[in-house]
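Student: The structure under discussion is supplied below as structure tokens; questions concerning it will follow.
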Amino acid sequence: MSKPATPDQKKPLCARCRKQTVAAEYRPFCSKRCADADLGHWLTGSYVIAGRPSEDAEEAASGRPAEDDTESH
Ligand SMILES: [Zn+2]
């Protein structure tokens, strides 16, 4: 009857899919797939907004919709 020293369940989950545990090589993601997907999200997300016409600025001000990785899924 010995206590578990270091339970694996304590490992952090992937920052994108939140299902797989983080891999050291791709942290904070579980795999290259998630790492690439998140990188693409960044490139096509934040950076695009900077170059958008002022029309979208109004939407952004009133509260832009949540992104893919919301916690309430
Ligand atoms: Zn993942």
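By order of appearance in the structure tokens: chains A, B, ..., then residues from 1 within every chain, and ligands from 1 in the order shown.
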Would you mind listing the residues within 8 Å of ligand 1, counting only C-alpha atoms and all ligand atoms, as an MDAnalysis selection string?

Tutor: chainID A and resid 13:22 29:31 33:35

Student: Could you write those residues out with N, CA and C atoms, as a short mmCIF file (atom, residue, chain, number, x, y, z; two decimals), in the first residue's frame?

Tutor:
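result_4.cif was written with the following content:
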data_model
loop_
_atom_site.label_atom_id
_atom_site.label_comp_id
_atom_site.auth_asym_id
_atom_site.auth_seq_id
_atom_site.Cartn_x
_atom_site.Cartn_y
_atom_site.Cartn_z
N LEU A 13 -2.38 19.36 -20.28
CA LEU A 13 -2.98 18.95 -21.54
C LEU A 13 -2.60 19.90 -22.65
N CYS A 14 -2.73 19.41 -23.85
CA CYS A 14 -2.41 20.19 -25.03
C CYS A 14 -3.18 21.52 -25.02
N ALA A 15 -2.50 22.58 -25.37
CA ALA A 15 -3.12 23.91 -25.34
C ALA A 15 -4.18 24.06 -26.43
N ARG A 16 -4.17 23.18 -27.41
CA ARG A 16 -5.14 23.31 -28.49
C ARG A 16 -6.30 22.31 -28.36
N CYS A 17 -5.99 21.04 -28.40
CA CYS A 17 -7.08 20.05 -28.37
C CYS A 17 -7.50 19.72 -26.93
N ARG A 18 -6.61 19.94 -26.00
CA ARG A 18 -6.90 19.70 -24.58
C ARG A 18 -7.36 18.28 -24.30
N LYS A 19 -6.87 17.37 -25.07
CA LYS A 19 -7.23 15.96 -24.86
C LYS A 19 -5.99 15.13 -24.62
N GLN A 20 -4.93 15.46 -25.34
CA GLN A 20 -3.69 14.73 -25.20
C GLN A 20 -2.74 15.47 -24.27
N THR A 21 -1.88 14.72 -23.63
CA THR A 21 -0.89 15.36 -22.78
C THR A 21 0.18 16.03 -23.63
N VAL A 22 0.75 17.06 -23.08
CA VAL A 22 1.74 17.84 -23.81
C VAL A 22 3.01 17.02 -24.05
N PHE A 29 1.91 21.96 -26.88
CA PHE A 29 0.98 21.14 -27.64
C PHE A 29 1.32 19.66 -27.52
N CYS A 30 0.39 18.81 -27.97
CA CYS A 30 0.59 17.38 -27.83
C CYS A 30 1.35 16.81 -29.02
N SER A 31 1.28 17.50 -30.14
CA SER A 31 1.89 16.96 -31.35
C SER A 31 2.17 18.06 -32.35
N ARG A 33 0.97 18.29 -35.18
CA ARG A 33 -0.30 18.64 -35.82
C ARG A 33 -0.97 19.80 -35.08
N CYS A 34 -1.05 19.68 -33.79
CA CYS A 34 -1.67 20.74 -33.01
C CYS A 34 -0.80 22.00 -33.03
N ALA A 35 0.49 21.84 -32.97
CA ALA A 35 1.39 22.98 -32.98
C ALA A 35 1.24 23.75 -34.29
#
